[in-house]
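First comes the structure, then the notes that go with it.
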Amino acid sequence: MDPTIQDSPVNLRHVIDKKLRKLEESARTLKLRRNALVPISRLPPEVLEPIFSFLFLPDKHERPTTGGKPDSLAWLRVSHVCHRWREIALNQPRFWSRINFNTLTFTGATQVLSRSKMAPLELTANLCKADFIWVTAFRKQLEANISRISQLDITANQYTLNGIFSAFVSPAPILESLSVIVEYVTPGGMSISASTSLPRSLFDYAVPRLSSLKLDQCKISWKSPLLKTLRTLELNNVYRRPSLEVWLDAMDQMTQLESLIAHSATPEAPPLGTTVSEPTRVITHPSLTQLHLVAPARDCAFALSHLELPSLKVVGIHANSEDSEGEDVLAVIPLFSRNAYGSQDVEPLQSVIITGEPFLTEVIAWTARDADIVVQDPLDLIGAAYSARAIFTATGRTWTVGTNTEILDKVLAALPLNCLKTLTAENSFVLPEKIWLSHAPRWPSLERLRLIDTAVSFVKALLKDKPPEGPLLPALTKLDFLGIEFQDDVSSLQSMLSVRVAQGVPLKAIALCACTVTDGAVQLLGEIVPDVQAIDDHYWRNFEWPTLTNWSRDMDHLLNGDFNDIDEEEEDDSDDMSSDGDIDDEDEGERLDE
């Protein structure tokens with residue numbers, strides 16, 4: 001070789017680069033050997049795999065606290081820690097079996113599918129904004145892998161879904177959960193209602209392990225064989241109301257059903273003016289533990305009157321009233337109350353939230369004490385309602401004045417609240433003085449009361465003369481006021497507290513959160529009550545107390561643990577998956593000992 005070429009700068013750089021690569025390879029080898037001596041590296045893969053699975057299988061009821069999207073590929077970070085962990089992650093098929101096609105490029109999703117080998121698949125896809133090529137590729141993947149899909153969640157317009165349904169002609173032997181949501185998004189980005197139907201011959205009638213079915217704007221026949229093996233059924237706005245006999249036949253055959261959510265999906269009650277006789281056929285369903293009905297009040301009553309539910313642990317009724325006096329809602333209340341508590345309950349009803357507006361009444365009850373106290377914001381209400389024993393919501397756009405209060409009075413009278421420990425009450429629209437005077441005698445065990453934007457009617461009620469059987473609420477020791485304007489005048493409250501002292505049942509603590517109250521007023525109250533807390537919380541000053549009236553949306557979030565109401569859009573997840581779908585290579589150097 002020409003010495004001038006051999007000694008040229010370009011050639012010398014190549015020589016140096018070659019030596020550097022050899023040194024880096026030697027360093028990498030030494031690091032691997034060194035890291036093998038770290039105690040955690042001695043754990044066998046059989047131990048590390050289940051540890052990694054805690055990231056792969058997050059608690060579905062855990063609410064994200066950061067306000068952002070959940071990171072469906074967060075667990076992949078373990079593969080970037082060290083070479084050994086990377087090898088374990090890459091060679092564990094079940095770590096690659098949960099695929100959200102909206103958080104990956106399609107190439108990346110294809111690579112994940114290949115790494116999943118023959119592990120059962122959990123697939124999620126929102127196809128509302130997908131183009132024809134993308135939808136076609138997705139459909140081919142479904143056809144190729146249908147025999148090993150265990151969970152399938154699809155959101156798309158009716159035309160796309162009809163094309164996908166035509167691909168479901170083969171048996172789905174391990175499919176356990178199916179969710180189909182029909183949603184049409186206009187070119188301007190507006191979502192509008194649409195509907196379609198599940199084909200009768202879906203999966204060639206062979207879905208032996210299907211236990212969970214959710215349909216939103218998607219019709220299904222109540223005679224469908226898909227229903228027979230279900231444990232969980234959710235039907236939202238299916239636009240096909242069954243006859244009573246067909247519905248009862250279906251309920252009778254769903255012997256394993258544990259949870260039923262039906263939004264406008266149960267039989268319609270006979271027309272107004274028709275004489276309704278006692279039910280001639282009543283189904284006893286021994287396995288149903290959760291029931292949520294959203295429908296006109298008469299339809300709710302009609303469905304409940306034909307069901308006996310001895311194992312029910314959760315009942316939620318959202319009755320839409322069509323009567324100005326609320327008579328249709330009054331017919332639902334006794335049927336609701338008989339399912340709100342029973343011999344299957346270990347603890348009595350101990351916590352209640354009462355809220356409402358002129359055209360809304362809502363009562364939420366728990367068997368656990370203090371369950372109402374933890375509710376601090378709308379997400380808390382939805383999360384807390386997940387554990388509620390009974391939820392009753394009634395709405396009526398044509399109600400006359402006082403109808404909401406009449407309905408509340410009947411609901412409270414029907415529920416067994418003699419062991420009530422804690423109560424949150426909001427809005428004077430539904431809590432006039434007569435409600436307190438009527439029901440306080442039935443709450444001898446009430447220890448803590450929280451009042452939101454309402455206090456006058458309660459204070460007036462407790463200023464009344466002591467009834468013959470003794471003072472009202474004799475166990476009440478803690479009183480919380482939230483967002484109430486006392487200003488300089490606390491004389492009525494002060495008088496009520498003095499009356500309590502005279503009756504021998506003084507309060508021990510008062511909390512004034514975000515209340516308009518002066519230091520002098522706090523001092524006056526402190527002369528009667530040992531513990532008075534004035535909390536100037538700006539959050540509560542602008543707080544709007546939530547309700548559960550949007551059940552078709554909120555109950556989905558509540559029961560499925562999806563507390564982020566965020567539209568998912570297709571993303572190029574370049575941080576975790578490169579253009580060829582592989583995990584980005586990183587330095588094999590161990591970070592554990594840094």
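Starting from 1 in every chain, residues are counted up; chains themselves are A, B, ... following the order of the structure tokens, and ligands are numbered from 1 as listed.
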
key: region 50-286 of chain A: residues DSSP assigns to strand (DSSP E or B), reported as a ChimeraX atom specification   = /A:98-100,121-126,149-156,177-182,184-185,191-192,196-197,212-216,218-219,232-236,259-263,283-284

Residues within 9 Å of Ile373 (chain A), only C-alpha atoms, excluding chain neighbours under 6 positions, as a compact mmCIF listing (two decimals) with all heavy atoms, in the first residue's frame:
```
# COMPACT_ATOMS: atom_id res chain seq x y z
N SER A 351 -73.49 5.47 54.92
CA SER A 351 -73.08 6.75 54.32
C SER A 351 -74.01 7.10 53.18
O SER A 351 -74.41 6.23 52.40
CB SER A 351 -71.64 6.67 53.80
OG SER A 351 -70.74 6.29 54.80
N THR A 422 -72.71 8.89 58.44
CA THR A 422 -72.22 10.12 57.81
C THR A 422 -73.14 10.49 56.65
O THR A 422 -73.61 9.62 55.91
CB THR A 422 -70.78 9.96 57.30
OG1 THR A 422 -70.71 8.85 56.39
CG2 THR A 422 -69.82 9.72 58.44
N LEU A 423 -73.35 11.80 56.48
CA LEU A 423 -74.27 12.28 55.46
C LEU A 423 -73.71 13.55 54.82
O LEU A 423 -73.26 14.46 55.52
CB LEU A 423 -75.64 12.58 56.07
CG LEU A 423 -76.66 13.32 55.19
CD1 LEU A 423 -77.06 12.46 54.00
CD2 LEU A 423 -77.90 13.69 56.01
N THR A 424 -73.71 13.59 53.50
CA THR A 424 -73.37 14.80 52.74
C THR A 424 -74.63 15.27 52.03
O THR A 424 -75.25 14.50 51.30
CB THR A 424 -72.27 14.53 51.71
OG1 THR A 424 -71.05 14.21 52.40
CG2 THR A 424 -72.02 15.75 50.85
N ARG A 450 -72.14 16.85 56.54
CA ARG A 450 -71.46 17.80 55.67
C ARG A 450 -72.50 18.49 54.80
O ARG A 450 -73.22 17.84 54.05
CB ARG A 450 -70.40 17.09 54.81
CG ARG A 450 -69.59 18.05 53.96
CD ARG A 450 -68.37 17.38 53.36
NE ARG A 450 -68.69 16.28 52.48
CZ ARG A 450 -67.86 15.80 51.55
NH1 ARG A 450 -66.67 16.33 51.40
NH2 ARG A 450 -68.21 14.79 50.79
```

Near region 281-292 of chain A, 10 Å: region 151-251 of chain A residue rows, closest pairs, only C-alpha atoms, as a tab-separated table:
```
residue	atom	partner	partner_atom	distance
A:Arg231	CA	A:Leu288	CA	8.6
A:Thr232	CA	A:Gln290	CA	9.1
A:Leu233	CA	A:Leu291	CA	10.0
A:Glu234	CA	A:His292	CA	9.2
A:Leu244	CA	A:Arg281	CA	9.7
A:Glu245	CA	A:Arg281	CA	8.9
A:Leu248	CA	A:Ile283	CA	6.9
A:Asp249	CA	A:Ile283	CA	8.9
A:Met251	CA	A:Ile283	CA	7.7
```

task = State, in Å with one decimal place, the distance from CA of Gln344 (chain A) to CA of Ala331 (chain A).
result =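 Distance between the two atoms: 24.4 Å.
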
ask   = Can you list every residue in region 88-250 of chain A that DSSP puts in helix (DSSP H, G or I), as JSON, numbers by chain?
value = {"A": [88, 89, 90, 93, 94, 95, 96, 106, 107, 108, 109, 110, 111, 112, 113, 114, 115, 132, 133, 134, 135, 136, 137, 138, 139, 140, 141, 142, 143, 144, 145, 146, 147, 148, 158, 159, 160, 161, 162, 163, 164, 165, 202, 203, 204, 205, 225, 226, 227, 244, 245, 246, 247, 248, 249, 250]}

ask   = Which polymer residues have any atom within 7 Å of an atom of region 293-296 of chain A, counting only C-alpha atoms, with same-chain residues fewer than 3 positions away left out, as a PyMOL selection string?
value = chain A and resi 261-264+299-300+316-321

inquiry  = So that I can check the surroundings of region 480-483 of chain A, please list as JSON, numbers by chain every protein, DNA and RNA residue that reaches within 7 Å of it, counting only C-alpha atoms and ignoring chain neighbours fewer than 6 positions away.
reply    = {"A": [449, 450, 451, 452, 453, 510, 511, 512, 513, 514, 515, 540, 541]}

task = Compare A:Ser492, A:Ser201, A:Ser445, A:Thr266 by their minimum atom-to-atom distance to Leu463 (chain A), counting only C-alpha atoms, and give me the closest one.
result = A:Ser492

inquiry  = Under the rule that only C-alpha atoms are counted, which of A:Arg448, A:Lys410, A:Lys421, A:Arg115 is the nearest residue to Leu90 (chain A)?
reply    =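 Going through A:Arg448, A:Lys410, A:Lys421, A:Arg115 one by one, the smallest distance to Leu90 (chain A) is for A:Arg115.
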
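Relative to CA of Ala440 (chain A), CA of Asp409 (chain A) is found at 11.8 Å.
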
message = Please report the interatomic distance between CA of Ala414 (chain A) and CA of Ile333 (chain A) in Å with one decimal.
response =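 Distance between the two atoms: 7.3 Å.
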
request  = Tell me, as a list of chain:residue names, which residues lie within 7 Å of Ser147 (chain A), counting only C-alpha atoms; anything in the same chain fewer than 4 positions away does not count.
outcome  =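 The residues that qualify are A:Pro171, A:Ala172, A:Pro173, A:Ile174.
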
key: Contact residues around region 466-471 of chain A with only C-alpha atoms at 12 Å, ignoring same-chain residues under 6 positions, as a count of residues only   = 16

inquiry  = Measuring between only C-alpha atoms, which one of A:Asp323, A:Ser212, A:Leu142, A:Ser150 shows the shortest distance to Ser97 (chain A)?
reply    = A:Ser150
